[in-house]
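entry33.cif follows; it contains mmCIF, C-alpha atoms.
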data_entry
loop_
_atom_site.group_PDB
_atom_site.id
_atom_site.type_symbol
_atom_site.label_atom_id
_atom_site.label_comp_id
_atom_site.auth_asym_id
_atom_site.auth_seq_id
_atom_site.Cartn_x
_atom_site.Cartn_y
_atom_site.Cartn_z
ATOM 1 C CA MET L 1031 47.102 -17.942 -32.954
ATOM 2 C CA ARG L 1032 50.846 -18.597 -32.876
ATOM 3 C CA ARG L 1033 51.740 -14.911 -32.837
ATOM 4 C CA PHE L 1034 49.705 -14.487 -29.609
ATOM 5 C CA LEU L 1035 51.377 -17.436 -27.885
ATOM 6 C CA LEU L 1036 54.844 -15.884 -27.637
ATOM 7 C CA PRO L 1037 53.700 -12.571 -26.060
ATOM 8 C CA GLY L 1038 51.504 -14.526 -23.634
ATOM 9 C CA LEU L 1039 54.424 -16.722 -22.592
ATOM 10 C CA LEU L 1040 56.609 -13.648 -22.183
ATOM 11 C CA VAL L 1041 54.048 -12.035 -19.869
ATOM 12 C CA LEU L 1042 53.845 -15.236 -17.780
ATOM 13 C CA PHE L 1043 57.643 -15.453 -17.588
ATOM 14 C CA LEU L 1044 57.999 -11.828 -16.502
ATOM 15 C CA ALA L 1045 55.269 -12.216 -13.867
ATOM 16 C CA ALA L 1046 56.942 -15.332 -12.481
ATOM 17 C CA ALA L 1047 60.351 -13.644 -12.450
ATOM 18 C CA ALA L 1048 58.943 -10.618 -10.632
ATOM 19 C CA SER L 1049 57.357 -12.746 -7.942
ATOM 20 C CA LEU L 1050 60.546 -14.776 -7.445
ATOM 21 C CA SER L 1051 62.714 -11.697 -7.217
ATOM 22 C CA SER L 1052 60.624 -10.493 -4.307
ATOM 23 C CA CYS L 1053 61.356 -13.754 -2.471
ATOM 24 C CA ASP L 1054 65.090 -13.147 -2.428
ATOM 25 C CA GLY L 1055 64.824 -9.823 -0.656
ATOM 26 C CA THR L 1056 66.255 -7.801 -3.524
ATOM 27 C CA THR L 1057 63.172 -5.624 -3.812
ATOM 28 C CA ASN L 1058 63.416 -4.742 -0.117
ATOM 29 C CA PRO L 1059 66.984 -3.571 0.458
ATOM 30 C CA ASP L 1060 66.203 -2.321 3.977
ATOM 31 C CA THR L 1061 68.538 -4.160 6.338
ATOM 32 C CA ASP L 1062 68.050 -1.709 9.197
ATOM 33 C CA ILE L 1063 65.433 -3.697 11.102
ATOM 34 C CA VAL L 1064 66.967 -3.465 14.552
ATOM 35 C CA PHE L 1065 66.205 -6.042 17.221
ATOM 36 C CA PRO L 1066 67.009 -5.371 20.892
ATOM 37 C CA ASP L 1067 69.135 -7.839 22.872
ATOM 38 C CA SER L 1068 66.084 -8.740 24.989
ATOM 39 C CA GLY L 1069 62.417 -7.902 25.182
ATOM 40 C CA VAL L 1070 61.881 -8.534 21.477
ATOM 41 C CA SER L 1071 58.404 -7.447 20.397
ATOM 42 C CA TYR L 1072 56.475 -9.349 17.768
ATOM 43 C CA ILE L 1073 54.646 -6.192 16.688
ATOM 44 C CA ARG L 1074 57.631 -3.810 16.647
ATOM 45 C CA HIS L 1075 60.385 -6.166 15.471
ATOM 46 C CA VAL L 1076 59.357 -9.613 14.230
ATOM 47 C CA GLN L 1077 56.354 -8.774 12.042
ATOM 48 C CA PRO L 1078 58.114 -5.854 10.296
ATOM 49 C CA PHE L 1079 60.993 -8.231 9.542
ATOM 50 C CA PHE L 1080 58.608 -10.872 8.146
ATOM 51 C CA THR L 1081 56.762 -8.239 6.125
ATOM 52 C CA LEU L 1082 59.969 -7.104 4.398
ATOM 53 C CA ARG L 1083 61.709 -10.456 4.041
ATOM 54 C CA CYS L 1084 59.180 -13.270 3.955
ATOM 55 C CA ALA L 1085 55.545 -12.195 3.568
ATOM 56 C CA VAL L 1086 55.998 -10.720 0.108
ATOM 57 C CA GLY L 1087 54.184 -11.576 -3.133
ATOM 58 C CA GLY L 1088 54.892 -15.101 -4.238
ATOM 59 C CA CYS L 1089 56.260 -16.217 -0.893
ATOM 60 C CA HIS L 1090 54.692 -16.362 2.571
ATOM 61 C CA ASP L 1091 51.901 -13.851 2.000
ATOM 62 C CA ASP L 1092 48.222 -14.726 2.492
ATOM 63 C CA GLN L 1093 47.630 -15.463 -1.197
ATOM 64 C CA SER L 1094 50.711 -17.541 -2.056
ATOM 65 C CA ARG L 1095 51.273 -19.295 1.278
ATOM 66 C CA ALA L 1096 54.472 -20.993 0.082
ATOM 67 C CA SER L 1097 54.772 -24.366 1.854
ATOM 68 C CA ASN L 1098 51.284 -23.598 3.195
ATOM 69 C CA LEU L 1099 52.752 -20.938 5.487
ATOM 70 C CA SER L 1100 51.715 -17.314 5.768
ATOM 71 C CA LEU L 1101 53.843 -14.988 7.895
ATOM 72 C CA THR L 1102 51.496 -12.009 7.723
ATOM 73 C CA THR L 1103 50.100 -12.200 11.256
ATOM 74 C CA TYR L 1104 50.983 -13.661 14.624
ATOM 75 C CA ILE L 1105 48.177 -16.240 14.318
ATOM 76 C CA ASN L 1106 49.383 -17.367 10.883
ATOM 77 C CA THR L 1107 52.982 -17.567 12.084
ATOM 78 C CA THR L 1108 52.252 -19.642 15.168
ATOM 79 C CA ALA L 1109 49.217 -21.710 14.118
ATOM 80 C CA ARG L 1110 51.019 -24.748 12.690
ATOM 81 C CA PRO L 1111 52.642 -26.970 15.322
ATOM 82 C CA GLY L 1112 56.427 -27.002 15.176
ATOM 83 C CA ILE L 1113 56.876 -23.869 13.068
ATOM 84 C CA VAL L 1114 57.469 -21.800 16.219
ATOM 85 C CA VAL L 1115 58.111 -23.656 19.476
ATOM 86 C CA PRO L 1116 57.808 -20.980 22.188
ATOM 87 C CA GLY L 1117 60.861 -21.015 24.433
ATOM 88 C CA ASN L 1118 62.833 -23.299 22.109
ATOM 89 C CA SER L 1119 64.266 -21.676 19.006
ATOM 90 C CA GLY L 1120 66.415 -24.742 18.357
ATOM 91 C CA ALA L 1121 63.316 -26.899 17.827
ATOM 92 C CA SER L 1122 61.431 -24.271 15.802
ATOM 93 C CA LEU L 1123 61.262 -25.097 12.098
ATOM 94 C CA LEU L 1124 61.065 -21.391 11.298
ATOM 95 C CA MET L 1125 64.441 -20.776 12.965
ATOM 96 C CA GLN L 1126 65.962 -23.840 11.312
ATOM 97 C CA ARG L 1127 64.984 -22.467 7.869
ATOM 98 C CA ILE L 1128 66.141 -18.934 8.626
ATOM 99 C CA ASP L 1129 69.519 -19.947 10.076
ATOM 100 C CA GLY L 1130 70.174 -22.504 7.339
ATOM 101 C CA ARG L 1131 70.078 -25.734 9.362
ATOM 102 C CA LEU L 1132 67.255 -26.766 7.044
ATOM 103 C CA PRO L 1133 67.380 -25.684 3.402
ATOM 104 C CA HIS L 1134 64.729 -23.334 2.113
ATOM 105 C CA PRO L 1135 62.461 -25.466 -0.133
ATOM 106 C CA ILE L 1136 62.775 -23.339 -3.266
ATOM 107 C CA ASN L 1137 66.441 -22.438 -2.812
ATOM 108 C CA VAL L 1138 66.085 -18.677 -2.511
ATOM 109 C CA PRO L 1139 68.600 -16.758 -0.452
ATOM 110 C CA ILE L 1140 67.189 -15.566 2.820
ATOM 111 C CA ILE L 1141 68.514 -12.078 3.487
ATOM 112 C CA VAL L 1142 69.109 -11.954 7.226
ATOM 113 C CA ASN L 1143 71.936 -10.234 9.035
ATOM 114 C CA ALA L 1144 73.398 -11.656 12.259
ATOM 115 C CA ALA L 1145 71.523 -9.221 14.507
ATOM 116 C CA GLN L 1146 68.176 -10.059 12.869
ATOM 117 C CA LEU L 1147 68.889 -13.781 13.190
ATOM 118 C CA LYS L 1148 69.657 -13.279 16.868
ATOM 119 C CA GLY L 1149 66.493 -11.166 17.253
ATOM 120 C CA ILE L 1150 64.188 -13.850 15.835
ATOM 121 C CA ARG L 1151 65.938 -16.466 17.989
ATOM 122 C CA THR L 1152 65.535 -14.264 21.081
ATOM 123 C CA TRP L 1153 61.830 -13.675 20.361
ATOM 124 C CA ILE L 1154 61.223 -17.427 20.179
ATOM 125 C CA ASP L 1155 63.359 -18.179 23.256
ATOM 126 C CA GLU L 1156 61.533 -15.463 25.213
ATOM 127 C CA GLY L 1157 58.277 -17.317 24.593
ATOM 128 C CA ALA L 1158 57.250 -16.124 21.103
ATOM 129 C CA ARG L 1159 54.697 -13.765 22.606
ATOM 130 C CA ASN L 1160 52.235 -11.649 20.651
ATOM 131 C CA ASN L 1161 53.535 -8.437 22.190
#

Mind converting the file's structure to structure tokens?
Amino acid sequence: MRRFLLPGLLVLFLAAAASLSSCDGTTNPDTDIVFPDSGVSYIRHVQPFFTLRCAVGGCHDDQSRASNLSLTTYINTTARPGIVVPGNSGASLLMQRIDGRLPHPINVPIIVNAAQLKGIRTWIDEGARNN
């Protein structure tokens, strides 16, 4: 039985490592998600960003729901009060986590460039519409 324990633990370790590596953005090197200065679209800009950066296996996908939050759809993103406060990015917990005012609970780096950060902020400030 002992000789099966080590391979089993190795498989569990590798699976856990793979899921954590997807949380840090390293498996999605695409940083070319471009947000406009205004008129940010949830469908064209925000959701693709979440899909590549946040809603990946082991993080904020429908199965894992890290911190009980899924960022796979508009409804999931906006359902919990306070996560997104339409018209007020400063009060939105989502923005506070992304911009670093609040630490990410599991201490993974959030890969966001300045333009993407501004784009998410603009989407929220423009009313966080499902457009």

What is the distance, in Å and to one decimal place, between atom CA of Ala1145 of chain L and atom CA of Asp1067 of chain L?
-> 8.8 Å

Result set of the PyMOL selection byres ((chain L and resi 1155-1159) around 9) on the coordinates above, as JSON, numbers by chain = {"L": [1068, 1069, 1070, 1071, 1072, 1104, 1108, 1114, 1115, 1116, 1117, 1118, 1119, 1120, 1150, 1151, 1152, 1153, 1154, 1160, 1161]}

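Note that atom CA of Val1142 of chain L and atom CA of Arg1110 of chain L are 22.8 Å apart.
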
Atom pair atom CA of Asp1129 of chain L + atom CA of Ser1094 of chain L, distance 22.5 Å

Given all atoms listed in the file as the counted atoms, nearest of L:Ile1113, L:Gly1130, L:Ile1141, L:Lys1148 to Leu1082 of chain L | L:Ile1141

Run the PyMOL selection byres ((chain L and resi 1103) around 10) on the file and write out the hits as a PyMOL selection string.
-> chain L and resi 1072-1073+1077+1080-1081+1085+1091-1092+1100-1102+1104-1109+1160

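Shortest separation to Gly1112 of chain L among L:Met1125, L:His1134, L:Ala1096, L:Gly1149 occurs at residue L:Met1125, atoms counted being all atoms listed in the file.
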
Please determine an axis-aligned box that encloses all atoms of segment 1092-1095 of chain L listed in the file, with 6 Å added on each side, and express its centre and edge lengths in Å to one decimal as AutoDock Vina command-line options.
--center_x 49.5 --center_y -17.0 --center_z 0.2 --size_x 15.6 --size_y 16.6 --size_z 16.5

Spatial neighbours of His1075 of chain L, max dist 8 Å, only C-alpha atoms, sep filter under 5 positions, as a PyMOL selection string = chain L and resi 1063-1065+1070
